[in-house]
file structure12.cif (mmCIF, C-alpha atoms)
data_run
loop_
_atom_site.label_atom_id
_atom_site.label_comp_id
_atom_site.auth_asym_id
_atom_site.auth_seq_id
_atom_site.Cartn_x
_atom_site.Cartn_y
_atom_site.Cartn_z
CA MET A 1 -21.46 26.39 -13.14
CA SER A 2 -20.03 24.89 -9.95
CA ASP A 3 -16.35 25.10 -9.00
CA LEU A 4 -16.08 21.35 -9.65
CA HIS A 5 -16.85 21.82 -13.37
CA ARG A 6 -14.07 24.42 -13.69
CA LEU A 7 -11.40 22.00 -12.49
CA PRO A 8 -9.11 20.68 -15.22
CA LEU A 9 -9.44 17.12 -16.43
CA GLU A 10 -6.40 15.12 -15.31
CA SER A 11 -4.75 11.92 -16.55
CA LYS A 12 -2.78 9.14 -14.85
CA LEU A 13 -0.92 6.51 -16.86
CA LEU A 14 -0.37 2.80 -16.18
CA PRO A 15 1.35 0.10 -18.24
CA LEU A 16 -0.30 -2.98 -19.65
CA GLN A 17 1.23 -6.17 -21.01
CA PRO A 18 0.53 -6.42 -24.74
CA SER A 19 0.80 -10.22 -24.80
CA ARG A 20 -2.37 -10.33 -22.71
CA ILE A 21 -4.69 -9.16 -25.50
CA ALA A 22 -7.33 -11.64 -26.67
CA VAL A 23 -7.95 -12.41 -30.34
CA ASP A 24 -11.30 -10.60 -30.12
CA GLY A 25 -9.64 -7.44 -28.72
CA SER A 26 -10.66 -8.05 -25.09
CA PHE A 27 -8.26 -7.18 -22.30
CA GLU A 28 -8.30 -6.50 -18.56
CA GLY A 29 -6.04 -4.99 -15.97
CA TYR A 30 -5.54 -2.24 -13.47
CA ALA A 31 -6.14 1.32 -14.59
CA SER A 32 -5.02 2.59 -11.16
CA LEU A 33 -3.37 1.15 -8.07
CA PHE A 34 -4.12 2.32 -4.55
CA ARG A 35 -1.63 3.90 -2.16
CA ILE A 36 1.27 3.88 -4.63
CA PRO A 37 2.74 7.26 -5.60
CA ASP A 38 2.89 7.75 -9.35
CA LEU A 39 5.54 9.75 -11.18
CA GLY A 40 3.40 12.89 -10.75
CA LYS A 41 3.33 12.40 -6.95
CA ASP A 42 -0.36 11.53 -6.82
CA VAL A 43 -1.60 8.70 -4.62
CA VAL A 44 -5.07 7.26 -5.25
CA GLU A 45 -6.78 6.17 -2.04
CA PRO A 46 -9.13 3.17 -1.76
CA GLY A 47 -12.73 4.21 -2.47
CA ALA A 48 -11.70 7.12 -4.69
CA PHE A 49 -13.60 5.76 -7.72
CA ARG A 50 -16.61 4.24 -5.90
CA ASP A 51 -19.10 7.11 -6.33
CA SER A 52 -18.07 7.82 -9.91
CA ILE A 53 -18.41 4.16 -10.94
CA ALA A 54 -21.83 3.96 -9.27
CA ARG A 55 -22.94 7.15 -11.01
CA ARG A 56 -21.51 6.50 -14.50
CA GLY A 57 -21.16 2.73 -14.82
CA PRO A 58 -18.89 1.23 -17.48
CA SER A 59 -20.91 2.75 -20.35
CA GLY A 60 -20.36 6.25 -18.92
CA VAL A 61 -16.56 5.95 -18.90
CA LYS A 62 -14.99 6.13 -22.34
CA LEU A 63 -12.20 3.91 -23.71
CA LEU A 64 -9.98 6.29 -25.69
CA TRP A 65 -6.63 6.49 -27.44
CA GLN A 66 -4.20 8.94 -25.77
CA HIS A 67 -7.06 10.81 -23.99
CA ASP A 68 -8.39 12.07 -27.32
CA PRO A 69 -12.21 12.26 -27.30
CA ALA A 70 -12.13 12.04 -31.11
CA GLU A 71 -10.38 8.62 -30.85
CA PRO A 72 -12.72 6.12 -29.14
CA LEU A 73 -11.35 2.56 -29.37
CA GLY A 74 -14.11 0.41 -27.94
CA ARG A 75 -15.94 0.12 -24.65
CA TRP A 76 -15.41 -0.84 -21.03
CA LEU A 77 -17.20 -4.03 -20.06
CA SER A 78 -16.64 -3.51 -16.33
CA LEU A 79 -14.96 -1.17 -13.87
CA ALA A 80 -14.53 -2.17 -10.24
CA GLU A 81 -12.50 -1.26 -7.20
CA ASP A 82 -10.90 -4.13 -5.34
CA SER A 83 -8.29 -4.16 -2.59
CA ARG A 84 -5.51 -3.43 -5.10
CA GLY A 85 -6.98 -0.70 -7.29
CA LEU A 86 -9.30 0.04 -10.19
CA PHE A 87 -9.69 -3.17 -12.21
CA VAL A 88 -11.03 -2.73 -15.74
CA ARG A 89 -12.22 -5.07 -18.48
CA GLY A 90 -12.53 -3.67 -21.97
CA LYS A 91 -12.92 -4.63 -25.58
CA LEU A 92 -11.42 -2.92 -28.60
CA SER A 93 -13.90 -2.39 -31.43
CA LEU A 94 -11.99 -4.15 -34.20
CA ALA A 95 -14.41 -2.76 -36.79
CA VAL A 96 -12.71 0.61 -36.21
CA ALA A 97 -9.45 1.13 -38.12
CA ARG A 98 -7.63 2.88 -35.24
CA ALA A 99 -8.63 0.11 -32.81
CA ARG A 100 -7.20 -2.50 -35.20
CA GLU A 101 -3.96 -0.49 -35.37
CA ILE A 102 -3.77 -0.21 -31.58
CA TYR A 103 -4.58 -3.91 -31.26
CA ALA A 104 -1.62 -4.76 -33.54
CA LEU A 105 0.70 -2.41 -31.63
CA MET A 106 -0.41 -3.86 -28.28
CA ARG A 107 0.21 -7.42 -29.51
CA GLU A 108 3.72 -6.41 -30.67
CA GLY A 109 4.54 -4.64 -27.41
CA ALA A 110 4.76 -1.14 -28.90
CA ILE A 111 1.84 0.17 -26.82
CA ASP A 112 1.82 -0.78 -23.15
CA GLY A 113 0.01 1.80 -21.04
CA LEU A 114 -3.32 2.59 -19.42
CA SER A 115 -4.20 6.05 -18.17
CA ILE A 116 -7.14 7.44 -16.23
CA GLY A 117 -8.78 10.74 -17.13
CA PHE A 118 -10.54 12.31 -14.15
CA ARG A 119 -11.44 15.41 -12.20
CA PRO A 120 -10.37 15.44 -8.56
CA GLU A 121 -13.37 15.91 -6.26
CA LYS A 122 -11.60 15.50 -2.93
CA ALA A 123 -7.84 15.59 -2.50
CA ARG A 124 -5.37 16.63 0.15
CA ASN A 125 -1.79 17.76 -0.24
CA GLU A 126 1.00 16.61 2.05
CA PRO A 127 3.56 19.44 2.14
CA ARG A 128 6.24 17.34 3.83
CA SER A 129 6.21 14.56 1.22
CA GLY A 130 4.94 16.59 -1.73
CA LEU A 131 2.25 13.97 -2.38
CA ARG A 132 -1.34 14.67 -3.33
CA ARG A 133 -3.77 12.07 -1.97
CA LEU A 134 -6.79 11.61 -4.22
CA GLU A 135 -9.67 10.58 -1.97
CA ARG A 136 -12.51 10.96 -4.48
CA VAL A 137 -12.32 11.42 -8.23
CA ASP A 138 -14.82 11.75 -11.06
CA LEU A 139 -13.62 9.19 -13.61
CA TRP A 140 -14.37 10.28 -17.18
CA GLU A 141 -12.25 7.94 -19.26
CA VAL A 142 -9.53 5.32 -19.29
CA SER A 143 -7.16 5.49 -22.25
CA ILE A 144 -4.69 3.19 -23.88
CA VAL A 145 -1.50 5.26 -24.03
CA THR A 146 2.15 5.17 -25.02
CA PHE A 147 3.72 6.45 -21.79
CA PRO A 148 2.57 5.05 -18.41
CA MET A 149 2.86 6.84 -15.06
CA LEU A 150 2.70 3.92 -12.62
CA PRO A 151 4.98 1.03 -13.68
CA GLN A 152 3.67 -1.39 -10.99
CA ALA A 153 0.24 -1.91 -12.58
CA ARG A 154 -0.13 -4.61 -15.24
CA ILE A 155 -2.77 -6.43 -17.23
CA SER A 156 -3.46 -9.58 -15.25
CA ALA A 157 -5.22 -11.80 -17.80
CA VAL A 158 -6.97 -11.59 -21.11
CA LYS A 159 -9.03 -14.20 -22.87
CA THR A 160 -12.39 -14.56 -24.51
CA ALA A 161 -14.13 -15.63 -21.29
CA PHE A 162 -12.88 -13.63 -18.32
CA ARG A 163 -12.19 -15.12 -14.92
CA LYS A 164 -11.76 -13.45 -11.58
CA PRO A 165 -8.15 -12.16 -11.29
CA ALA A 166 -5.70 -13.84 -8.93
CA PHE A 167 -3.86 -11.31 -6.80
CA ALA A 168 -0.17 -11.59 -6.00
#

call {"tool": "encode", "arguments": {"input": "structure12.cif", "output": "structure tokens"}}
result
Amino acid sequence: MSDLHRLPLESKLLPLQPSRIAVDGSFEGYASLFRIPDLGKDVVEPGAFRDSIARRGPSGVKLLWQHDPAEPLGRWLSLAEDSRGLFVRGKLSLAVARAREIYALMREGAIDGLSIGFRPEKARNEPRSGLRRLERVDLWEVSIVTFPMLPQARISAVKTAFRKPAFA
């Protein structure tokens, strides 16, 4: 077993706007933003997800509830890096009871977070600032969560037919 496989799986949380959930359970937004320190003092650098996305694709990254592998909620339709961060499009499987519950909570504003589950592959610590710069990560899952880590990231649009996001 390589040293990489012994590293702990980590999570980073981001908020989403519950009013941006489509009737069919589809939603989109940023699961991570580049160059913005989160509350855990991690900073994701541009390109950090590129290799993992190419290797796994959307079907290889799970959509979970609270990082629990026993609680899948649906599937990711697309994962892509852009100039702002990791943009995701997903769809809750409304045939699953838990996904219907989460859908209702998201629509009511009770659940408002996204969180990435990953293993760091290349990172550097900055002793002066206390920041850890994540240069390459192995993305395993993106969860819908209760408590977000990076308040600046938001769902940008949700509807049945997706359009390219407009960046502010």

call {"tool": "closest_atom_pairs", "arguments": {"input": "structure12.cif", "of": "segment 67-99 of chain A", "to": "segment 133-142 of chain A", "cutoff": "10 Å", "atoms": "only C-alpha atoms", "output": "tab-separated table"}}
result
residue	atom	partner	partner_atom	distance
A:His67	CA	A:Glu141	CA	7.6
A:Asp68	CA	A:Glu141	CA	9.8
A:Pro69	CA	A:Glu141	CA	9.1
A:Arg75	CA	A:Val142	CA	9.8
A:Trp76	CA	A:Val142	CA	8.7
A:Val88	CA	A:Val142	CA	8.9
A:Gly90	CA	A:Val142	CA	9.8

call {"tool": "resolve_selection", "arguments": {"input": "structure12.cif", "expression": "the PyMOL selection byres ((chain A and resi 145) around 7)", "output": "list of chain:residue names"}}
result
A:Trp65, A:Gln66, A:Ile111, A:Asp112, A:Gly113, A:Leu114, A:Ser115, A:Ser143, A:Ile144, A:Thr146, A:Phe147, A:Pro148

call {"tool": "atom_distance", "arguments": {"input": "structure12.cif", "atom1": "atom CA of Ser59 of chain A", "atom2": "atom CA of Val43 of chain A"}}
result
25.6 Å

call {"tool": "resolve_selection", "arguments": {"input": "structure12.cif", "expression": "the PyMOL selection byres ((chain A and resi 95-107) around 10)", "output": "ChimeraX atom specification"}}
result
/A:16-26,64-65,71-74,91-94,108-113,144-146

call {"tool": "atom_distance", "arguments": {"input": "structure12.cif", "atom1": "atom CA of Gly47 of chain A", "atom2": "atom CA of Phe27 of chain A"}}
result
23.3 Å

call {"tool": "resolve_selection", "arguments": {"input": "structure12.cif", "expression": "the PyMOL selection byres ((chain A and resi 122-131) around 12)", "output": "ChimeraX atom specification"}}
result
/A:4,7,35-45,47-49,51,118-121,132-138

call {"tool": "write_last_selection", "arguments": {"input": "structure12.cif", "atoms": "C-alpha atoms", "output": "JSON list (two decimals), in the frame of the given file"}}
result
[["chain", "number", "residue", "atom", "x", "y", "z"],
["A", 4, "LEU", "CA", -16.08, 21.35, -9.65],
["A", 7, "LEU", "CA", -11.40, 22.00, -12.49],
["A", 35, "ARG", "CA", -1.63, 3.90, -2.16],
["A", 36, "ILE", "CA", 1.27, 3.88, -4.63],
["A", 37, "PRO", "CA", 2.74, 7.26, -5.60],
["A", 38, "ASP", "CA", 2.89, 7.75, -9.35],
["A", 39, "LEU", "CA", 5.54, 9.75, -11.18],
["A", 40, "GLY", "CA", 3.40, 12.89, -10.75],
["A", 41, "LYS", "CA", 3.33, 12.40, -6.95],
["A", 42, "ASP", "CA", -0.36, 11.53, -6.82],
["A", 43, "VAL", "CA", -1.60, 8.70, -4.62],
["A", 44, "VAL", "CA", -5.07, 7.26, -5.25],
["A", 45, "GLU", "CA", -6.78, 6.17, -2.04],
["A", 47, "GLY", "CA", -12.73, 4.21, -2.47],
["A", 48, "ALA", "CA", -11.70, 7.12, -4.69],
["A", 49, "PHE", "CA", -13.60, 5.76, -7.72],
["A", 51, "ASP", "CA", -19.10, 7.11, -6.33],
["A", 118, "PHE", "CA", -10.54, 12.31, -14.15],
["A", 119, "ARG", "CA", -11.44, 15.41, -12.20],
["A", 120, "PRO", "CA", -10.37, 15.44, -8.56],
["A", 121, "GLU", "CA", -13.37, 15.91, -6.26],
["A", 132, "ARG", "CA", -1.34, 14.67, -3.33],
["A", 133, "ARG", "CA", -3.77, 12.07, -1.97],
["A", 134, "LEU", "CA", -6.79, 11.61, -4.22],
["A", 135, "GLU", "CA", -9.67, 10.58, -1.97],
["A", 136, "ARG", "CA", -12.51, 10.96, -4.48],
["A", 137, "VAL", "CA", -12.32, 11.42, -8.23],
["A", 138, "ASP", "CA", -14.82, 11.75, -11.06]]

call {"tool": "residues_near_point", "arguments": {"input": "structure12.cif", "point": "(-14.1, -0.8, -11.0)", "cutoff": "6 Å", "atoms": "only C-alpha atoms", "output": "ChimeraX atom specification"}}
result
/A:79-81,86-88

call {"tool": "atom_distance", "arguments": {"input": "structure12.cif", "atom1": "atom CA of Ile53 of chain A", "atom2": "atom CA of Tyr30 of chain A"}}
result
14.6 Å

call {"tool": "closest_residue", "arguments": {"input": "structure12.cif", "among": "A:Ser78, A:Ile116, A:Leu33, A:Gly85", "to": "Ala54 of chain A", "atoms": "all atoms listed in the file"}}
result
A:Ser78

call {"tool": "closest_residue", "arguments": {"input": "structure12.cif", "among": "A:Lys62, A:Ser83, A:Glu10, A:Gly29", "to": "Pro46 of chain A", "atoms": "all atoms listed in the file"}}
result
A:Ser83

call {"tool": "decode", "arguments": {"input": "structure12.cif", "residues": "segment 9-109 of chain A", "atoms": "C-alpha atoms", "output": "compact mmCIF listing (two decimals), in the first residue's frame"}}
result
# COMPACT_ATOMS: atom_id res chain seq x y z
CA LEU A 9 -9.89 11.35 3.80
CA GLU A 10 -10.65 15.04 4.35
CA SER A 11 -13.76 17.20 3.92
CA LYS A 12 -14.33 20.85 3.02
CA LEU A 13 -17.76 22.45 3.35
CA LEU A 14 -19.48 25.09 1.20
CA PRO A 15 -22.97 26.60 1.40
CA LEU A 16 -25.64 26.34 -1.25
CA GLN A 17 -28.82 28.33 -1.71
CA PRO A 18 -31.83 26.07 -1.16
CA SER A 19 -34.15 28.19 -3.32
CA ARG A 20 -32.06 27.13 -6.31
CA ILE A 21 -33.24 23.51 -6.34
CA ALA A 22 -35.22 22.37 -9.38
CA VAL A 23 -38.49 20.46 -9.11
CA ASP A 24 -36.74 17.34 -10.43
CA GLY A 25 -34.04 17.57 -7.73
CA SER A 26 -31.35 19.04 -10.01
CA PHE A 27 -28.98 21.67 -8.66
CA GLU A 28 -25.60 23.21 -9.48
CA GLY A 29 -23.01 25.31 -7.77
CA TYR A 30 -19.48 25.52 -6.51
CA ALA A 31 -18.19 22.70 -4.34
CA SER A 32 -14.90 24.57 -3.86
CA LEU A 33 -13.54 28.03 -4.59
CA PHE A 34 -9.93 28.71 -5.53
CA ARG A 35 -7.49 30.83 -3.55
CA ILE A 36 -9.91 31.57 -0.70
CA PRO A 37 -8.93 30.34 2.78
CA ASP A 38 -11.64 28.27 4.40
CA LEU A 39 -12.33 28.13 8.12
CA GLY A 40 -9.83 25.26 8.43
CA LYS A 41 -7.08 27.41 6.84
CA ASP A 42 -6.92 25.39 3.64
CA VAL A 43 -6.64 27.12 0.27
CA VAL A 44 -7.45 25.15 -2.89
CA GLU A 45 -5.27 26.19 -5.82
CA PRO A 46 -6.44 26.25 -9.46
CA GLY A 47 -5.85 22.89 -11.13
CA ALA A 48 -6.07 20.95 -7.86
CA PHE A 49 -8.98 18.80 -9.08
CA ARG A 50 -7.97 18.44 -12.75
CA ASP A 51 -6.24 15.03 -12.58
CA SER A 52 -8.84 13.55 -10.26
CA ILE A 53 -11.75 14.67 -12.45
CA ALA A 54 -10.01 13.27 -15.54
CA ARG A 55 -9.35 9.98 -13.77
CA ARG A 56 -12.73 9.51 -12.03
CA GLY A 57 -15.25 11.53 -14.04
CA PRO A 58 -18.60 12.50 -12.51
CA SER A 59 -19.67 8.86 -12.06
CA GLY A 60 -16.57 8.16 -9.95
CA VAL A 61 -17.31 10.94 -7.44
CA LYS A 62 -20.19 10.16 -5.10
CA LEU A 63 -23.00 12.53 -4.07
CA LEU A 64 -23.53 11.81 -0.36
CA TRP A 65 -25.32 13.12 2.71
CA GLN A 66 -22.93 14.39 5.43
CA HIS A 67 -19.98 12.37 3.99
CA ASP A 68 -21.68 9.10 4.91
CA PRO A 69 -20.97 6.38 2.31
CA ALA A 70 -24.14 4.60 3.47
CA GLU A 71 -26.21 7.70 2.49
CA PRO A 72 -25.95 8.26 -1.29
CA LEU A 73 -28.43 10.91 -2.47
CA GLY A 74 -28.13 10.85 -6.24
CA ARG A 75 -25.40 11.44 -8.79
CA TRP A 76 -23.17 14.14 -10.18
CA LEU A 77 -23.99 15.05 -13.76
CA SER A 78 -20.80 17.08 -14.25
CA LEU A 79 -17.73 18.29 -12.39
CA ALA A 80 -15.49 20.95 -13.89
CA GLU A 81 -12.85 23.44 -12.86
CA ASP A 82 -13.30 26.97 -14.12
CA SER A 83 -11.53 30.19 -13.17
CA ARG A 84 -13.52 30.43 -9.93
CA GLY A 85 -13.45 26.89 -8.56
CA LEU A 86 -14.96 23.43 -8.80
CA PHE A 87 -18.38 23.79 -10.44
CA VAL A 88 -20.73 20.83 -9.96
CA ARG A 89 -24.10 19.82 -11.39
CA GLY A 90 -26.01 17.10 -9.61
CA LYS A 91 -29.39 15.48 -9.31
CA LEU A 92 -31.01 14.08 -6.20
CA SER A 93 -32.58 10.65 -6.72
CA LEU A 94 -36.11 11.46 -5.56
CA ALA A 95 -36.99 7.75 -5.57
CA VAL A 96 -34.80 7.48 -2.44
CA ALA A 97 -36.52 8.47 0.81
CA ARG A 98 -33.49 10.30 2.27
CA ALA A 99 -33.02 12.28 -0.97
CA ARG A 100 -36.67 13.39 -0.81
CA GLU A 101 -36.13 14.49 2.81
CA ILE A 102 -32.98 16.42 1.89
CA TYR A 103 -34.77 17.93 -1.10
CA ALA A 104 -37.53 19.24 1.21
CA LEU A 105 -34.98 20.60 3.70
CA MET A 106 -33.00 22.30 0.92
CA ARG A 107 -36.17 23.93 -0.46
CA GLU A 108 -37.03 25.22 3.03
CA GLY A 109 -33.53 26.55 3.67
